[in-house]
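Student: Got a structure for you, query09.pdb, holding PDB, C-alpha atoms (C1' of nucleotides).
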MODEL        1
ATOM      1  CA  MET U   1      -8.228 -29.384 150.371
ATOM      2  CA  THR U   2      -8.857 -30.112 154.028
ATOM      3  CA  PHE U   3     -11.668 -32.296 155.239
ATOM      4  CA  ARG U   4     -13.352 -29.262 156.669
ATOM      5  CA  GLU U   5     -13.399 -27.529 153.305
ATOM      6  CA  THR U   6     -14.959 -30.530 151.603
ATOM      7  CA  VAL U   7     -17.667 -30.458 154.248
ATOM      8  CA  TRP U   8     -18.365 -26.805 153.556
ATOM      9  CA  ARG U   9     -18.506 -27.420 149.836
ATOM     10  CA  LEU U  10     -21.046 -30.206 150.254
ATOM     11  CA  VAL U  11     -23.176 -28.330 152.762
ATOM     12  CA  ARG U  12     -23.550 -25.539 150.223
ATOM     13  CA  ARG U  13     -25.304 -28.005 147.931
ATOM     14  CA  ILE U  14     -28.141 -28.666 150.360
ATOM     15  CA  PRO U  15     -31.178 -26.925 148.889
ATOM     16  CA  ARG U  16     -33.476 -24.604 150.804
ATOM     17  CA  GLY U  17     -36.106 -26.475 152.754
ATOM     18  CA  ARG U  18     -34.059 -29.648 153.058
ATOM     19  CA  VAL U  19     -31.784 -30.942 155.783
ATOM     20  CA  ALA U  20     -28.909 -33.405 155.969
ATOM     21  CA  THR U  21     -27.472 -35.204 158.976
ATOM     22  CA  TYR U  22     -23.864 -35.084 160.143
ATOM     23  CA  GLY U  23     -23.500 -38.766 159.399
ATOM     24  CA  GLN U  24     -24.985 -38.338 155.952
ATOM     25  CA  ILE U  25     -22.520 -35.610 155.060
ATOM     26  CA  ALA U  26     -19.676 -37.780 156.282
ATOM     27  CA  ALA U  27     -20.897 -40.753 154.277
ATOM     28  CA  LEU U  28     -21.295 -38.714 151.110
ATOM     29  CA  LEU U  29     -17.683 -37.636 151.491
ATOM     30  CA  GLY U  30     -16.617 -41.250 151.704
ATOM     31  CA  ARG U  31     -15.812 -41.052 155.429
ATOM     32  CA  PRO U  32     -18.817 -42.786 157.023
ATOM     33  CA  ARG U  33     -17.310 -42.651 160.494
ATOM     34  CA  SER U  34     -16.430 -38.993 160.528
ATOM     35  CA  ALA U  35     -19.796 -37.613 161.548
ATOM     36  CA  ARG U  36     -18.258 -36.097 164.623
ATOM     37  CA  ALA U  37     -15.624 -34.378 162.555
ATOM     38  CA  VAL U  38     -18.373 -32.909 160.392
ATOM     39  CA  GLY U  39     -19.707 -31.269 163.508
ATOM     40  CA  GLY U  40     -16.251 -29.902 164.104
ATOM     41  CA  ALA U  41     -16.158 -28.500 160.582
ATOM     42  CA  LEU U  42     -19.386 -26.623 161.165
ATOM     43  CA  ARG U  43     -18.404 -25.400 164.593
ATOM     44  CA  ARG U  44     -16.395 -22.704 162.900
ATOM     45  CA  CYS U  45     -17.481 -22.028 159.360
ATOM     46  CA  PRO U  46     -17.981 -19.140 156.922
ATOM     47  CA  ALA U  47     -20.876 -16.866 157.822
ATOM     48  CA  ASP U  48     -22.638 -17.466 154.516
ATOM     49  CA  LEU U  49     -22.638 -21.251 154.872
ATOM     50  CA  PRO U  50     -26.134 -22.730 155.271
ATOM     51  CA  TRP U  51     -24.987 -24.592 158.386
ATOM     52  CA  HIS U  52     -28.508 -24.606 159.755
ATOM     53  CA  ARG U  53     -29.452 -27.315 157.237
ATOM     54  CA  VAL U  54     -27.393 -29.902 159.092
ATOM     55  CA  VAL U  55     -28.992 -31.670 162.048
ATOM     56  CA  ASN U  56     -28.298 -34.842 163.994
ATOM     57  CA  ALA U  57     -29.444 -38.336 163.090
ATOM     58  CA  GLN U  58     -32.704 -37.884 164.966
ATOM     59  CA  GLY U  59     -33.542 -34.628 163.265
ATOM     60  CA  GLY U  60     -32.656 -32.728 166.402
ATOM     61  CA  ILE U  61     -30.478 -29.669 166.783
ATOM     62  CA  SER U  62     -27.247 -30.676 168.432
ATOM     63  CA  GLY U  63     -25.871 -28.977 171.462
ATOM     64  CA  ARG U  64     -24.181 -25.700 171.082
ATOM     65  CA  ALA U  65     -22.572 -23.691 173.832
ATOM     66  CA  GLN U  66     -25.227 -21.023 173.521
ATOM     67  CA  MET U  67     -28.835 -22.022 173.426
ATOM     68  CA  SER U  68     -29.674 -18.927 171.402
ATOM     69  CA  SER U  69     -27.779 -20.488 168.530
ATOM     70  CA  MET U  70     -29.992 -23.564 168.647
ATOM     71  CA  LEU U  71     -33.022 -21.343 168.475
ATOM     72  CA  THR U  72     -31.549 -19.505 165.515
ATOM     73  CA  GLN U  73     -31.150 -22.778 163.658
ATOM     74  CA  ARG U  74     -34.748 -23.763 164.225
ATOM     75  CA  ILE U  75     -36.033 -20.376 163.198
ATOM     76  CA  ARG U  76     -34.005 -20.394 160.006
ATOM     77  CA  LEU U  77     -35.259 -23.850 159.106
ATOM     78  CA  GLU U  78     -38.863 -22.999 159.781
ATOM     79  CA  ALA U  79     -38.433 -19.909 157.642
ATOM     80  CA  GLU U  80     -37.522 -22.257 154.781
ATOM     81  CA  GLY U  81     -40.621 -24.330 155.364
ATOM     82  CA  VAL U  82     -39.041 -27.167 157.326
ATOM     83  CA  ALA U  83     -41.589 -28.742 159.678
ATOM     84  CA  PHE U  84     -40.789 -29.704 163.254
ATOM     85  CA  ARG U  85     -42.525 -32.328 165.329
ATOM     86  CA  ARG U  86     -41.808 -32.745 169.014
ATOM     87  CA  GLY U  87     -38.658 -30.681 168.697
ATOM     88  CA  ARG U  88     -37.326 -32.662 165.751
ATOM     89  CA  VAL U  89     -37.201 -31.971 162.057
ATOM     90  CA  VAL U  90     -39.606 -34.230 160.193
ATOM     91  CA  LEU U  91     -36.863 -36.042 158.317
ATOM     92  CA  ARG U  92     -39.273 -38.150 156.301
ATOM     93  CA  ALA U  93     -40.494 -34.970 154.700
ATOM     94  CA  HIS U  94     -37.359 -32.849 154.501
ATOM     95  CA  ALA U  95     -34.295 -35.075 154.377
ATOM     96  CA  TRP U  96     -31.994 -34.160 151.538
ATOM     97  CA  ARG U  97     -31.808 -37.016 149.089
ATOM     98  CA  SER U  98     -28.842 -36.513 146.824
ATOM     99  CA  THR U  99     -28.632 -39.929 145.194
ATOM    100  CA  ALA U 100     -30.908 -42.674 143.910
ATOM    101  CA  ARG U 101     -29.445 -45.045 146.467
ATOM    102  CA  GLN U 102     -30.432 -42.726 149.273
ATOM    103  CA  ARG U 103     -33.879 -42.248 147.793
ATOM    104  CA  ARG U 104     -34.420 -45.975 148.199
ATOM    105  CA  GLY U 105     -32.685 -46.478 151.496
ATOM    106  CA  PHE U 106     -33.637 -43.622 153.732
ATOM    107  CA  PRO U 107     -35.713 -44.795 156.700
TER     108      PRO U 107
ATOM    109  C1'  DG B   1       4.005 -36.293 167.237
ATOM    110  C1'  DA B   2       1.321 -37.129 171.514
ATOM    111  C1'  DC B   3      -2.625 -35.583 173.881
ATOM    112  C1'  DT B   4      -7.333 -33.211 174.217
ATOM    113  C1'  DT B   5     -11.732 -31.687 172.519
ATOM    114  C1'  DG B   6     -16.266 -31.925 170.702
ATOM    115  C1'  DA B   7     -22.565 -28.935 166.512
ATOM    116  C1'  DC B   8     -21.762 -37.540 166.293
ATOM    117  C1'  DT B   9     -23.822 -42.286 166.433
ATOM    118  C1'  DA B  10     -25.355 -46.930 167.034
ATOM    119  C1'  DG B  11     -26.210 -50.065 170.383
ATOM    120  C1'  DA B  12     -27.353 -51.601 175.061
ATOM    121  C1'  DC B  13     -30.311 -51.337 178.935
TER     122       DC B  13
ATOM    123  C1'  DA T   1     -38.697 -43.175 175.023
ATOM    124  C1'  DG T   2     -34.643 -41.553 177.923
ATOM    125  C1'  DT T   3     -29.787 -42.343 179.430
ATOM    126  C1'  DC T   4     -25.184 -44.288 179.116
ATOM    127  C1'  DT T   5     -21.268 -46.107 176.754
ATOM    128  C1'  DA T   6     -17.795 -46.988 173.733
ATOM    129  C1'  DG T   7     -15.927 -46.031 169.225
ATOM    130  C1'  DC T   8     -14.660 -42.471 166.109
ATOM    131  C1'  DC T   9     -11.738 -38.781 163.866
ATOM    132  C1'  DA T  10     -10.303 -33.944 162.202
ATOM    133  C1'  DA T  11      -8.393 -29.949 164.458
ATOM    134  C1'  DG T  12      -6.287 -27.484 167.929
ATOM    135  C1'  DT T  13      -2.595 -27.199 171.375
TER     136       DT T  13
ENDMDL
END
In structure tokens, how does this file's structure come out?

Tutor:
Amino acid sequence: MTFRETVWRLVRRIPRGRVATYGQIAALLGRPRSARAVGGALRRCPADLPWHRVVNAQGGISGRAQMSSMLTQRIRLEAEGVAFRRGRVVLRAHAWRSTARQRRGFP
DNA sequence: GACTTGACTAGAC
DNA sequence: AGTCTAGCCAAGT
């Protein structure tokens, strides 16, 4: 099982209408400093993966080569009911909380 | 096995 | 709040 595959498996668990950050995914996999590698895992991923539910630590959509792809991500999120504010996802409202510890600790 | 490449981040101004 | 920087690390070459 490669790192990339574990990322995909976890991303599939993010429910509709919620988002996770790259760093959060990395931390949940026990590799808190591999956020960047998580981005790499999503750069090329299966078409049916809900990749749009992963955003950066500020709730923003991270740079892609094509801007159309960034727009696609926002549109897909809004279609799931995710609210944006000044170009950022409202993390307070939509951050995926998978554990009790995170429920307490999320800013 | 040694580089290089990013869909990252926290910290410093 | 915006910009820069230095770490970081899995994958690709």

Student: Quick one: which residues from chain B are at most 7 Å off chain U, using all atoms listed in the file, as JSON, numbers by chain?

Tutor: {"B": [6, 7, 8]}

Student: Report, in Å to a single decimal, how far apart CA of Val7 in chain U and CA of Glu78 in chain U are.

Tutor: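 These atoms are spaced 23.1 Å apart.
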
Student: Please, what distance in Å, to one decimal, runs between CA of Arg76 in chain U and CA of Arg92 in chain U?

Tutor: 18.9 Å

Student: Considering all atoms listed in the file, extract the chain T residues located within 7 Å of chain U and return them as a list in words.

Tutor: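 Listing them in order of chain and number gives DC8, DC9 and DA10 of chain T.
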
Student: Can you tell me how far CA of Gly17 in chain U sits from CA of Glu80 in chain U, in Å to one decimal?

Tutor: 4.9 Å

Student: List, as a ChimeraX atom specification, every residue that the PyMOL selection byres ((chain B and resi 5) around 9) selects in the file provided.

Tutor: /B:4,6 /T:11-12

Student: Which residues, written as a list in words, have at least one atom at most 8 Å from Arg53 in chain U, with only C-alpha atoms (C1' of nucleotides) counted and residues fewer than 6 positions away on the same chain left out?

Tutor: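 Residues meeting the cut-off are Val11, Ile14, Arg18, Val19, Ala20 and Leu77 of chain U.
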
Student: List the residues selected by the PyMOL selection byres ((chain T and resi 5) around 12) in the file shown, writing them as a list of chain:residue names.

Tutor: B:DT9, B:DA10, B:DG11, B:DA12, B:DC13, T:DT3, T:DC4, T:DA6, T:DG7
